[in-house]
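Next comes coords.pdb, with PDB, C-alpha atoms.
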MODEL        1
ATOM      1  CA  MET A   1     -78.715 -56.246  15.378
ATOM      2  CA  MET A   2     -75.238 -57.129  14.226
ATOM      3  CA  SER A   3     -74.534 -53.549  13.233
ATOM      4  CA  GLY A   4     -75.971 -52.330  16.538
ATOM      5  CA  GLU A   5     -73.688 -54.652  18.438
ATOM      6  CA  ALA A   6     -70.730 -53.460  16.338
ATOM      7  CA  MET A   7     -71.515 -49.845  17.237
ATOM      8  CA  ASN A   8     -71.825 -50.657  20.934
ATOM      9  CA  PRO A   9     -68.897 -48.970  22.815
ATOM     10  CA  GLN A  10     -68.821 -51.798  25.308
ATOM     11  CA  SER A  11     -68.298 -54.371  22.572
ATOM     12  CA  LEU A  12     -65.574 -52.242  20.999
ATOM     13  CA  LEU A  13     -63.767 -52.029  24.321
ATOM     14  CA  GLN A  14     -64.054 -55.780  24.797
ATOM     15  CA  ASN A  15     -62.706 -56.351  21.279
ATOM     16  CA  LEU A  16     -59.725 -54.057  22.027
ATOM     17  CA  LEU A  17     -58.989 -55.737  25.339
ATOM     18  CA  SER A  18     -59.138 -59.137  23.702
ATOM     19  CA  LYS A  19     -56.215 -58.150  21.496
ATOM     20  CA  LEU A  20     -54.053 -57.131  24.449
ATOM     21  CA  THR A  21     -52.699 -60.596  24.956
ATOM     22  CA  PRO A  22     -49.167 -61.574  25.996
ATOM     23  CA  GLU A  23     -48.565 -62.749  22.447
ATOM     24  CA  TYR A  24     -49.522 -59.303  21.108
ATOM     25  CA  PHE A  25     -47.168 -57.526  23.497
ATOM     26  CA  ALA A  26     -44.354 -60.000  22.765
ATOM     27  CA  GLY A  27     -44.816 -59.885  19.012
ATOM     28  CA  GLN A  28     -45.567 -56.219  18.332
ATOM     29  CA  VAL A  29     -45.558 -53.829  21.307
ATOM     30  CA  ILE A  30     -42.219 -54.793  22.856
ATOM     31  CA  PRO A  31     -40.226 -54.885  19.569
ATOM     32  CA  GLY A  32     -41.835 -51.612  18.469
ATOM     33  CA  ALA A  33     -41.085 -49.931  21.823
ATOM     34  CA  PHE A  34     -37.511 -51.197  21.678
ATOM     35  CA  ASN A  35     -37.082 -49.804  18.169
ATOM     36  CA  VAL A  36     -38.555 -46.462  19.235
ATOM     37  CA  LEU A  37     -36.144 -46.357  22.173
ATOM     38  CA  VAL A  38     -33.208 -47.074  19.849
ATOM     39  CA  ILE A  39     -34.360 -44.333  17.494
ATOM     40  CA  LEU A  40     -34.596 -41.832  20.372
ATOM     41  CA  ILE A  41     -31.103 -42.751  21.589
ATOM     42  CA  LEU A  42     -29.687 -42.384  18.074
ATOM     43  CA  MET A  43     -31.480 -39.051  17.709
ATOM     44  CA  LEU A  44     -29.904 -37.726  20.914
ATOM     45  CA  LEU A  45     -26.478 -38.901  19.771
ATOM     46  CA  ALA A  46     -26.993 -37.263  16.380
ATOM     47  CA  LEU A  47     -28.052 -33.986  18.023
ATOM     48  CA  ARG A  48     -24.914 -34.016  20.130
ATOM     49  CA  ALA A  49     -22.794 -34.785  17.064
ATOM     50  CA  ALA A  50     -24.451 -31.896  15.204
ATOM     51  CA  ARG A  51     -23.561 -29.553  18.051
ATOM     52  CA  MET A  52     -19.938 -30.722  17.953
ATOM     53  CA  VAL A  53     -19.779 -30.356  14.157
ATOM     54  CA  SER A  54     -21.193 -26.813  14.226
ATOM     55  CA  THR A  55     -18.758 -25.870  16.985
ATOM     56  CA  ARG A  56     -15.750 -27.355  15.192
ATOM     57  CA  LEU A  57     -16.843 -25.783  11.923
ATOM     58  CA  PHE A  58     -16.561 -22.284  13.369
ATOM     59  CA  ALA A  59     -13.679 -22.980  15.759
ATOM     60  CA  VAL A  60     -11.374 -20.968  13.503
ATOM     61  CA  PHE A  61     -13.284 -17.824  14.456
ATOM     62  CA  GLN A  62     -12.385 -18.342  18.115
ATOM     63  CA  LYS A  63      -8.825 -17.242  17.366
ATOM     64  CA  ARG A  64     -10.021 -13.661  16.932
ATOM     65  CA  LYS A  65     -11.329 -13.217  20.456
ATOM     66  CA  GLY A  66     -10.539  -9.512  20.506
ATOM     67  CA  ASP A  67     -12.941  -8.835  17.646
ATOM     68  CA  THR A  68     -16.369  -8.659  19.267
ATOM     69  CA  GLU A  69     -18.345  -8.107  16.066
ATOM     70  CA  PHE A  70     -16.572 -10.966  14.313
ATOM     71  CA  MET A  71     -17.491 -13.238  17.223
ATOM     72  CA  LYS A  72     -21.129 -12.130  16.938
ATOM     73  CA  ARG A  73     -21.165 -13.151  13.301
ATOM     74  CA  ALA A  74     -19.583 -16.497  14.119
ATOM     75  CA  ASP A  75     -22.198 -17.148  16.811
ATOM     76  CA  THR A  76     -25.027 -16.230  14.431
ATOM     77  CA  LEU A  77     -23.771 -18.539  11.680
ATOM     78  CA  ARG A  78     -23.127 -21.352  14.155
ATOM     79  CA  SER A  79     -26.651 -21.113  15.544
ATOM     80  CA  VAL A  80     -28.144 -21.183  12.033
ATOM     81  CA  VAL A  81     -26.142 -24.271  11.011
ATOM     82  CA  ARG A  82     -27.009 -26.014  14.280
ATOM     83  CA  TYR A  83     -30.707 -25.204  13.877
ATOM     84  CA  ILE A  84     -30.784 -26.671  10.356
ATOM     85  CA  LEU A  85     -28.998 -29.842  11.472
ATOM     86  CA  ASN A  86     -31.234 -30.275  14.520
ATOM     87  CA  LEU A  87     -34.397 -29.768  12.479
ATOM     88  CA  THR A  88     -33.281 -32.371   9.938
ATOM     89  CA  ILE A  89     -32.377 -34.933  12.616
ATOM     90  CA  VAL A  90     -35.632 -34.512  14.561
ATOM     91  CA  THR A  91     -37.730 -34.739  11.390
ATOM     92  CA  VAL A  92     -36.066 -37.966  10.263
ATOM     93  CA  ALA A  93     -36.420 -39.490  13.752
ATOM     94  CA  LEU A  94     -40.095 -38.539  13.939
ATOM     95  CA  VAL A  95     -40.826 -40.199  10.586
ATOM     96  CA  MET A  96     -39.066 -43.380  11.720
ATOM     97  CA  ILE A  97     -40.998 -43.461  15.003
ATOM     98  CA  LEU A  98     -44.316 -43.083  13.181
ATOM     99  CA  GLY A  99     -43.320 -46.015  10.990
ATOM    100  CA  GLU A 100     -42.573 -48.167  14.036
ATOM    101  CA  LEU A 101     -45.986 -47.280  15.509
ATOM    102  CA  ARG A 102     -47.637 -48.626  12.340
ATOM    103  CA  ILE A 103     -49.003 -45.189  11.482
ATOM    104  CA  ASP A 104     -49.414 -44.523   7.786
ATOM    105  CA  ILE A 105     -47.128 -41.557   7.161
ATOM    106  CA  ALA A 106     -48.074 -41.071   3.509
ATOM    107  CA  PRO A 107     -51.019 -38.707   4.299
ATOM    108  CA  VAL A 108     -48.835 -36.894   6.847
ATOM    109  CA  LEU A 109     -46.051 -36.383   4.306
ATOM    110  CA  ALA A 110     -48.538 -35.263   1.656
ATOM    111  CA  THR A 111     -50.094 -32.743   4.034
ATOM    112  CA  ALA A 112     -46.665 -31.518   5.124
ATOM    113  CA  GLY A 113     -45.656 -31.136   1.471
ATOM    114  CA  ILE A 114     -48.721 -29.076   0.644
ATOM    115  CA  VAL A 115     -48.263 -26.885   3.715
ATOM    116  CA  GLY A 116     -44.561 -26.470   2.954
ATOM    117  CA  LEU A 117     -45.331 -25.491  -0.633
ATOM    118  CA  ALA A 118     -47.885 -22.912   0.491
ATOM    119  CA  VAL A 119     -45.498 -21.480   3.071
ATOM    120  CA  GLY A 120     -42.718 -21.447   0.479
ATOM    121  CA  PHE A 121     -44.790 -19.377  -1.940
ATOM    122  CA  GLY A 122     -45.903 -17.019   0.802
ATOM    123  CA  ALA A 123     -42.487 -16.565   2.419
ATOM    124  CA  GLN A 124     -40.159 -16.678  -0.571
ATOM    125  CA  THR A 125     -38.942 -13.135   0.087
ATOM    126  CA  LEU A 126     -38.163 -14.121   3.683
ATOM    127  CA  VAL A 127     -36.223 -17.164   2.490
ATOM    128  CA  GLN A 128     -34.359 -14.997  -0.013
ATOM    129  CA  ASP A 129     -33.461 -12.500   2.715
ATOM    130  CA  VAL A 130     -32.234 -15.223   5.075
ATOM    131  CA  ILE A 131     -30.096 -16.961   2.437
ATOM    132  CA  ALA A 132     -28.568 -13.669   1.275
ATOM    133  CA  GLY A 133     -27.965 -12.638   4.891
ATOM    134  CA  PHE A 134     -26.238 -15.947   5.622
ATOM    135  CA  PHE A 135     -23.689 -15.381   2.860
ATOM    136  CA  ILE A 136     -23.229 -11.710   3.778
ATOM    137  CA  LEU A 137     -22.335 -12.790   7.310
ATOM    138  CA  LEU A 138     -20.214 -15.680   6.057
ATOM    139  CA  ASP A 139     -18.184 -13.420   3.755
ATOM    140  CA  ASP A 140     -17.859 -10.766   6.479
ATOM    141  CA  GLN A 141     -18.980  -8.045   4.080
ATOM    142  CA  ILE A 142     -20.665  -5.843   6.688
ATOM    143  CA  ARG A 143     -19.956  -5.261  10.367
ATOM    144  CA  VAL A 144     -21.590  -3.199  13.055
ATOM    145  CA  GLY A 145     -19.760   0.135  13.096
ATOM    146  CA  ASP A 146     -18.927   0.144   9.371
ATOM    147  CA  VAL A 147     -19.990   2.941   7.048
ATOM    148  CA  VAL A 148     -21.512   1.304   3.986
ATOM    149  CA  GLU A 149     -23.657   1.996   0.953
ATOM    150  CA  ILE A 150     -26.223  -0.693   0.142
ATOM    151  CA  ALA A 151     -29.419  -0.665  -1.917
ATOM    152  CA  GLY A 152     -29.050   3.069  -2.579
ATOM    153  CA  LYS A 153     -28.771   3.923   1.126
ATOM    154  CA  SER A 154     -25.633   4.820   3.063
ATOM    155  CA  GLY A 155     -24.861   5.254   6.732
ATOM    156  CA  LEU A 156     -23.408   3.726   9.861
ATOM    157  CA  VAL A 157     -24.280   0.080  10.416
ATOM    158  CA  GLU A 158     -26.064  -0.291  13.748
ATOM    159  CA  LYS A 159     -27.295  -3.880  13.471
ATOM    160  CA  VAL A 160     -26.819  -6.902  11.212
ATOM    161  CA  ASP A 161     -28.845 -10.100  11.435
ATOM    162  CA  LEU A 162     -29.872 -12.810   9.005
ATOM    163  CA  ARG A 163     -32.809 -10.876   7.548
ATOM    164  CA  MET A 164     -31.776  -7.230   7.364
ATOM    165  CA  THR A 165     -29.152  -4.565   8.031
ATOM    166  CA  THR A 166     -29.983  -1.398   9.974
ATOM    167  CA  LEU A 167     -28.270   1.847   8.902
ATOM    168  CA  ARG A 168     -28.308   5.346  10.398
ATOM    169  CA  ASP A 169     -27.303   8.203   8.102
ATOM    170  CA  MET A 170     -25.717  11.549   8.937
ATOM    171  CA  SER A 171     -29.132  13.181   9.458
ATOM    172  CA  GLY A 172     -30.093  10.538  12.026
ATOM    173  CA  ASN A 173     -32.523   8.722   9.727
ATOM    174  CA  VAL A 174     -32.660   4.953  10.243
ATOM    175  CA  HIS A 175     -32.843   2.708   7.163
ATOM    176  CA  TYR A 176     -33.865  -0.956   7.341
ATOM    177  CA  VAL A 177     -32.471  -2.775   4.298
ATOM    178  CA  ARG A 178     -33.556  -6.347   3.558
ATOM    179  CA  HIS A 179     -30.668  -8.546   2.492
ATOM    180  CA  GLY A 180     -32.634  -9.799  -0.502
ATOM    181  CA  LYS A 181     -32.497  -6.249  -1.927
ATOM    182  CA  ILE A 182     -28.702  -5.961  -1.679
ATOM    183  CA  ASP A 183     -26.909  -6.427  -4.998
ATOM    184  CA  PHE A 184     -23.763  -4.426  -4.244
ATOM    185  CA  VAL A 185     -22.042  -3.581  -0.974
ATOM    186  CA  THR A 186     -19.720  -0.569  -0.763
ATOM    187  CA  ASN A 187     -17.869  -0.697   2.553
ATOM    188  CA  MET A 188     -16.030   2.584   3.169
ATOM    189  CA  THR A 189     -14.387   1.445   6.412
ATOM    190  CA  LYS A 190     -13.136  -2.080   5.684
ATOM    191  CA  ASP A 191      -9.785  -2.672   7.467
ATOM    192  CA  PHE A 192      -8.616   0.893   6.682
ATOM    193  CA  SER A 193      -9.919   4.079   5.057
ATOM    194  CA  ASN A 194      -8.595   6.556   2.511
ATOM    195  CA  PHE A 195      -9.425  10.189   1.973
ATOM    196  CA  VAL A 196      -8.592  11.869  -1.335
ATOM    197  CA  PHE A 197      -7.835  15.609  -1.288
ATOM    198  CA  ASP A 198      -8.422  17.740  -4.394
ATOM    199  CA  ILE A 199      -6.650  21.023  -3.613
ATOM    200  CA  PRO A 200      -7.137  23.983  -6.011
ATOM    201  CA  VAL A 201      -4.425  26.632  -6.377
ATOM    202  CA  ALA A 202      -3.906  29.528  -8.770
ATOM    203  CA  TYR A 203      -2.173  29.028 -12.098
ATOM    204  CA  HIS A 204       0.737  31.268 -11.170
ATOM    205  CA  GLU A 205       1.687  29.205  -8.097
ATOM    206  CA  ASP A 206       4.773  26.964  -8.065
ATOM    207  CA  VAL A 207       3.422  23.400  -8.048
ATOM    208  CA  ASP A 208       6.476  21.910  -6.299
ATOM    209  CA  ARG A 209       6.375  24.584  -3.598
ATOM    210  CA  VAL A 210       2.667  24.009  -3.001
ATOM    211  CA  ALA A 211       3.201  20.232  -2.828
ATOM    212  CA  SER A 212       5.961  20.629  -0.223
ATOM    213  CA  VAL A 213       3.686  22.851   1.905
ATOM    214  CA  ILE A 214       0.894  20.252   1.698
ATOM    215  CA  GLN A 215       3.241  17.457   2.776
ATOM    216  CA  LYS A 216       4.624  19.574   5.632
ATOM    217  CA  VAL A 217       1.105  20.230   6.933
ATOM    218  CA  HIS A 218       0.336  16.523   6.838
ATOM    219  CA  GLU A 219       3.580  15.625   8.639
ATOM    220  CA  ASP A 220       2.753  18.092  11.408
ATOM    221  CA  LEU A 221      -0.738  16.646  11.674
ATOM    222  CA  ARG A 222       0.648  13.115  11.824
ATOM    223  CA  GLY A 223       2.996  14.172  14.614
ATOM    224  CA  ASP A 224       0.116  15.543  16.688
ATOM    225  CA  PRO A 225      -0.700  13.045  19.499
ATOM    226  CA  SER A 226      -4.408  13.684  18.949
ATOM    227  CA  PHE A 227      -4.212  12.375  15.374
ATOM    228  CA  SER A 228      -1.076  10.223  15.180
ATOM    229  CA  HIS A 229      -2.965   7.077  16.187
ATOM    230  CA  ASP A 230      -5.568   7.591  13.446
ATOM    231  CA  ILE A 231      -3.127   8.201  10.549
ATOM    232  CA  ILE A 232      -1.452   4.924   9.634
ATOM    233  CA  ALA A 233       0.652   5.958   6.609
ATOM    234  CA  PRO A 234       2.378   9.069   5.183
ATOM    235  CA  MET A 235       0.452  11.149   2.705
ATOM    236  CA  GLU A 236       0.677  10.109  -0.935
ATOM    237  CA  MET A 237       1.246  13.217  -3.057
ATOM    238  CA  LEU A 238      -0.245  12.181  -6.376
ATOM    239  CA  GLY A 239       0.669  15.448  -8.120
ATOM    240  CA  LEU A 240      -1.083  17.824 -10.487
ATOM    241  CA  ASP A 241      -4.324  16.087 -11.383
ATOM    242  CA  ARG A 242      -6.160  18.413 -13.788
ATOM    243  CA  PHE A 243      -6.694  21.942 -15.054
ATOM    244  CA  THR A 244      -9.929  23.863 -14.541
ATOM    245  CA  GLU A 245     -11.171  27.266 -15.667
ATOM    246  CA  SER A 246      -9.669  29.179 -12.759
ATOM    247  CA  ALA A 247      -7.340  26.775 -10.928
ATOM    248  CA  ILE A 248      -5.034  23.805 -11.132
ATOM    249  CA  ILE A 249      -5.956  20.810  -8.961
ATOM    250  CA  LEU A 250      -3.376  18.956  -6.900
ATOM    251  CA  ARG A 251      -4.425  15.536  -5.659
ATOM    252  CA  ALA A 252      -3.200  13.794  -2.505
ATOM    253  CA  ARG A 253      -4.353  10.825  -0.436
ATOM    254  CA  THR A 254      -4.058   9.877   3.213
ATOM    255  CA  THR A 255      -4.684   6.497   4.872
ATOM    256  CA  THR A 256      -6.368   6.302   8.267
ATOM    257  CA  ARG A 257      -7.924   3.848  10.640
ATOM    258  CA  PRO A 258     -11.492   2.838   9.731
ATOM    259  CA  ILE A 259     -14.096   5.598   9.983
ATOM    260  CA  GLN A 260     -11.495   8.202  11.033
ATOM    261  CA  GLN A 261     -10.824   9.626   7.547
ATOM    262  CA  TRP A 262     -13.403  12.416   7.815
ATOM    263  CA  ARG A 263     -12.104  13.609  11.190
ATOM    264  CA  VAL A 264      -8.527  13.686   9.893
ATOM    265  CA  ALA A 265      -9.586  15.403   6.653
ATOM    266  CA  ARG A 266     -11.422  18.214   8.440
ATOM    267  CA  GLU A 267      -8.421  19.001  10.624
ATOM    268  CA  PHE A 268      -6.046  18.760   7.658
ATOM    269  CA  ASN A 269      -8.175  21.215   5.660
ATOM    270  CA  ARG A 270      -8.195  23.664   8.568
ATOM    271  CA  ARG A 271      -4.426  23.543   8.924
ATOM    272  CA  LEU A 272      -3.856  23.704   5.174
ATOM    273  CA  LYS A 273      -5.941  26.892   4.891
ATOM    274  CA  MET A 274      -3.877  28.480   7.643
ATOM    275  CA  ALA A 275      -0.602  27.398   5.995
ATOM    276  CA  PHE A 276      -1.684  28.767   2.598
ATOM    277  CA  ASP A 277      -2.588  32.102   4.192
ATOM    278  CA  GLU A 278       0.787  32.227   5.907
ATOM    279  CA  LYS A 279       2.703  31.349   2.716
ATOM    280  CA  ASN A 280       0.534  33.626   0.529
ATOM    281  CA  ILE A 281      -0.564  30.716  -1.636
ATOM    282  CA  GLU A 282      -3.720  31.646  -3.488
ATOM    283  CA  MET A 283      -6.702  29.287  -3.590
ATOM    284  CA  PRO A 284      -8.749  30.973  -6.335
ATOM    285  CA  PHE A 285     -12.487  31.134  -6.528
ATOM    286  CA  ARG A 286     -14.475  31.104  -9.707
ATOM    287  CA  GLU A 287     -14.658  34.539 -11.375
ATOM    288  CA  ILE A 288     -17.916  35.648 -13.006
ATOM    289  CA  THR A 289     -18.257  38.670 -15.316
ATOM    290  CA  VAL A 290     -21.663  40.394 -15.215
ATOM    291  CA  HIS A 291     -22.838  42.498 -18.215
ATOM    292  CA  MET A 292     -25.559  45.085 -17.640
ATOM    293  CA  ALA A 293     -28.302  45.397 -20.274
ATOM    294  CA  HIS A 294     -28.504  48.788 -22.070
ATOM    295  CA  ASP A 295     -30.629  50.456 -24.733
ATOM    296  CA  ARG A 296     -29.612  51.603 -28.210
ATOM    297  CA  LYS A 297     -28.375  54.960 -26.929
ATOM    298  CA  GLY A 298     -25.982  53.231 -24.555
ATOM    299  CA  GLY A 299     -27.962  54.046 -21.449
ATOM    300  CA  PHE A 300     -29.539  51.763 -18.877
ATOM    301  CA  PRO A 301     -33.344  51.942 -19.246
ATOM    302  CA  ARG A 302     -34.144  50.703 -15.768
ATOM    303  CA  PHE A 303     -31.995  53.271 -14.010
ATOM    304  CA  ALA A 304     -33.242  56.026 -16.307
ATOM    305  CA  ALA A 305     -36.846  55.194 -15.467
ATOM    306  CA  GLU A 306     -36.050  55.224 -11.760
ATOM    307  CA  ALA A 307     -34.350  58.612 -12.165
ATOM    308  CA  ASP A 308     -37.383  60.053 -13.983
ATOM    309  CA  GLY A 309     -39.672  58.755 -11.288
ATOM    310  CA  ASN A 310     -37.606  60.357  -8.566
ATOM    311  CA  SER A 311     -37.601  63.698 -10.391
ATOM    312  CA  ASP A 312     -41.406  63.636 -10.708
ATOM    313  CA  THR A 313     -41.829  63.136  -7.015
ATOM    314  CA  LYS A 314     -39.732  66.147  -6.338
TER     315      LYS A 314
ENDMDL
END

Output the structure of this file as structure tokens.
Amino acid sequence: MMSGEAMNPQSLLQNLLSKLTPEYFAGQVIPGAFNVLVILILMLLALRAARMVSTRLFAVFQKRKGDTEFMKRADTLRSVVRYILNLTIVTVALVMILGELRIDIAPVLATAGIVGLAVGFGAQTLVQDVIAGFFILLDDQIRVGDVVEIAGKSGLVEKVDLRMTTLRDMSGNVHYVRHGKIDFVTNMTKDFSNFVFDIPVAYHEDVDRVASVIQKVHEDLRGDPSFSHDIIAPMEMLGLDRFTESAIILRARTTTRPIQQWRVAREFNRRLKMAFDEKNIEMPFREITVHMAHDRKGGFPRFAAEADGNSDTK
């Protein structure tokens, strides 16, 4: 009978209501509610402070307002830092509130630890990508519009986020490269670009004369309004670089605005070919000597057989 009375819902309700006395509210409920309210107020203040800290931390990037892609990176990093701070603050406040409500948080923390460990093992590649992406953005290694080579792929950067970089190559193929796979970054359009010219000429040509023609072509190109804005420095004539089987190689280098080096190089090559033709400067091609096989009598068996076959048909 005693156990039946204990299991009676009506008796349980009466037992609960009997505890709701003024002394209970004054001794436990009101102090606990006050502490929870204080914790919530402190949490809101901490969230606001975190927003101010993340904003001040990246305030230096605001000075480069003309650089849209740089601002995008600053906004991405600021949002990541703010998210981490907010998550930490809310988690700590939630644990404190559960303690004030007299809820045993040990099982909750144990469960959260097990779940976090399982998620960590399952998403370790994702975490690796995000951490690597954070430092790539922080170091400003890659920007949208750059031409880069990463993880064995090269192309124009179309998108950069925390997890991956999207490239499009010359053939139009799109490559999605996870940041965790990036060991080396080769940025071909960082701040400025260079193009190196290896120009072959015949051995009998005057090297100084050829070099002066090359420099004159580049000066004319630099004076062209269509290309003057893209070429930011005079050509560096590096001189005679090496000897090959059929030509000597003169090396030169030009400096251009980012991603404009290929456009300038194509026009320079076109004009240089025209100037060499006008000045009768020879750009040799590789010569190949072909020896025909013959028999012991000095004749060519294949042609002899064809001749005999033609005579038979007649």

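Once region 50-56 of chain A and its same-chain neighbours fewer than 5 positions away are set aside, Leu45, Arg78, Ser79, Val81, Arg82, Leu85, Asn86 and Ile89 of chain A remain within 9 Å of it when counting all atoms listed in the file.
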
Write the residues you've just listed into a file as a PDB file, in the frame of the given file, and include C-alpha atoms for each of them.
ATOM      1  CA  LEU A  45     -26.478 -38.901  19.771  1.00  0.00           C
ATOM      2  CA  ARG A  78     -23.127 -21.352  14.155  1.00  0.00           C
ATOM      3  CA  SER A  79     -26.651 -21.113  15.544  1.00  0.00           C
ATOM      4  CA  VAL A  81     -26.142 -24.271  11.011  1.00  0.00           C
ATOM      5  CA  ARG A  82     -27.009 -26.014  14.280  1.00  0.00           C
ATOM      6  CA  LEU A  85     -28.998 -29.842  11.472  1.00  0.00           C
ATOM      7  CA  ASN A  86     -31.234 -30.275  14.520  1.00  0.00           C
ATOM      8  CA  ILE A  89     -32.377 -34.933  12.616  1.00  0.00           C
TER       9      ILE A  89
END

Given the PyMOL selection byres ((chain A and resi 267) around 12) and the file above, list the residues it selects as a PDB file with C-alpha atoms, in the frame of the given file.
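New file selection-v7.pdb:
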ATOM      1  CA  VAL A 217       1.105  20.230   6.933  1.00  0.00           C
ATOM      2  CA  HIS A 218       0.336  16.523   6.838  1.00  0.00           C
ATOM      3  CA  ASP A 220       2.753  18.092  11.408  1.00  0.00           C
ATOM      4  CA  LEU A 221      -0.738  16.646  11.674  1.00  0.00           C
ATOM      5  CA  ARG A 222       0.648  13.115  11.824  1.00  0.00           C
ATOM      6  CA  ASP A 224       0.116  15.543  16.688  1.00  0.00           C
ATOM      7  CA  SER A 226      -4.408  13.684  18.949  1.00  0.00           C
ATOM      8  CA  PHE A 227      -4.212  12.375  15.374  1.00  0.00           C
ATOM      9  CA  GLN A 260     -11.495   8.202  11.033  1.00  0.00           C
ATOM     10  CA  GLN A 261     -10.824   9.626   7.547  1.00  0.00           C
ATOM     11  CA  TRP A 262     -13.403  12.416   7.815  1.00  0.00           C
ATOM     12  CA  ARG A 263     -12.104  13.609  11.190  1.00  0.00           C
ATOM     13  CA  VAL A 264      -8.527  13.686   9.893  1.00  0.00           C
ATOM     14  CA  ALA A 265      -9.586  15.403   6.653  1.00  0.00           C
ATOM     15  CA  ARG A 266     -11.422  18.214   8.440  1.00  0.00           C
ATOM     16  CA  PHE A 268      -6.046  18.760   7.658  1.00  0.00           C
ATOM     17  CA  ASN A 269      -8.175  21.215   5.660  1.00  0.00           C
ATOM     18  CA  ARG A 270      -8.195  23.664   8.568  1.00  0.00           C
ATOM     19  CA  ARG A 271      -4.426  23.543   8.924  1.00  0.00           C
ATOM     20  CA  LEU A 272      -3.856  23.704   5.174  1.00  0.00           C
ATOM     21  CA  LYS A 273      -5.941  26.892   4.891  1.00  0.00           C
ATOM     22  CA  MET A 274      -3.877  28.480   7.643  1.00  0.00           C
TER      23      MET A 274
END

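Note that CA of Asp75 (chain A) and CA of Phe135 (chain A) are 14.1 Å apart.
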
Using all atoms listed in the file, find the one residue out of A:Gln128, A:Val144, A:Ser212, A:Gly180 that sits nearest to Thr166 (chain A).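 With all atoms listed in the file as the atom set, the closest residue is A:Val144.
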
Please write the residues picked by the PyMOL selection byres ((chain A and resi 247) around 12) on this file as a VMD selection string.
chain A and resid 198 to 205 207 240 to 246 248 to 250 282 to 287

- prompt: Could you pull the residues within 10 Å of Phe184 (chain A), counting all atoms listed in the file, minus those fewer than 3 positions along the same chain, as a VMD selection string?
  reply: chain A and resid 149 to 152 181 187

Just to be explicit: take each residue in the selection above, keep C-alpha atoms, and write the result as a tab-separated table (two decimals), in the frame of the given file.
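Written output follows (again-v5.tsv):
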chain	number	residue	atom	x	y	z
A	149	GLU	CA	-23.66	2.00	0.95
A	150	ILE	CA	-26.22	-0.69	0.14
A	151	ALA	CA	-29.42	-0.66	-1.92
A	152	GLY	CA	-29.05	3.07	-2.58
A	181	LYS	CA	-32.50	-6.25	-1.93
A	187	ASN	CA	-17.87	-0.70	2.55

CA of Asn194 (chain A) sits from CA of Phe134 (chain A) at a separation of 28.8 Å

Ser193 (chain A) proximity check over A:Pro234, A:Pro107, A:Pro258, A:Gly116, using only C-alpha atoms: winner is A:Pro258

*Pick from A:Leu98, A:Leu162, A:Val210, A:Phe197: nearest to Arg253 (chain A), with only C-alpha atoms counted?*
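When distances to Arg253 (chain A) are compared using only C-alpha atoms, the smallest one comes from A:Phe197.
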
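Using all atoms listed in the file, the nearest neighbour of Leu138 (chain A) within the list A:Ile259, A:His175, A:Arg163, A:Ala74 is A:Ala74.
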
Å distance separating CA of Ala46 (chain A) from CA of Phe34 (chain A), one decimal place:
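According to the coordinates, CA of Ala46 (chain A) and CA of Phe34 (chain A) are separated by 18.2 Å.
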
> Between A:Val213, A:Ile142, A:Glu158, A:Ser228, which has the minimum distance to Asp277 (chain A) (counting only C-alpha atoms)?
Replying inline: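 Residue with the minimum atom-to-atom distance to Asp277 (chain A): A:Val213.
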
_Using all atoms listed in the file for the distances, tell me which of A:Ala233, A:Leu238, A:Ile136, A:Ala93 is nearest to Phe192 (chain A)._
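With all atoms listed in the file as the atom set, the closest residue is A:Ala233.
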
Please enclose the listed atoms of region 174-180 of chain A in an axis-aligned box, pad each side by 4 Å, and write out the centre and the three edge lengths in Å, rounded to one decimal, as JSON.
{"center_x": -32.3, "center_y": -2.4, "center_z": 4.9, "size_x": 11.2, "size_y": 22.8, "size_z": 18.7}

Save C-alpha atoms of region 31-44 of chain A from the block above as a short mmCIF file (atom, residue, chain, number, x, y, z; two decimals), in the first residue's frame.
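Output saved as part_19.cif:
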data_model
loop_
_atom_site.label_atom_id
_atom_site.label_comp_id
_atom_site.auth_asym_id
_atom_site.auth_seq_id
_atom_site.Cartn_x
_atom_site.Cartn_y
_atom_site.Cartn_z
CA PRO A 31 18.71 33.50 -5.33
CA GLY A 32 19.04 31.01 -8.19
CA ALA A 33 16.92 33.17 -10.54
CA PHE A 34 18.94 36.23 -9.57
CA ASN A 35 22.19 34.41 -10.30
CA VAL A 36 20.85 33.20 -13.65
CA LEU A 37 19.85 36.77 -14.51
CA VAL A 38 23.34 38.01 -13.61
CA ILE A 39 24.89 35.30 -15.75
CA LEU A 40 22.69 36.25 -18.73
CA ILE A 41 23.59 39.93 -18.35
CA LEU A 42 27.30 39.09 -18.16
CA MET A 43 26.94 36.84 -21.20
CA LEU A 44 25.37 39.65 -23.24
#
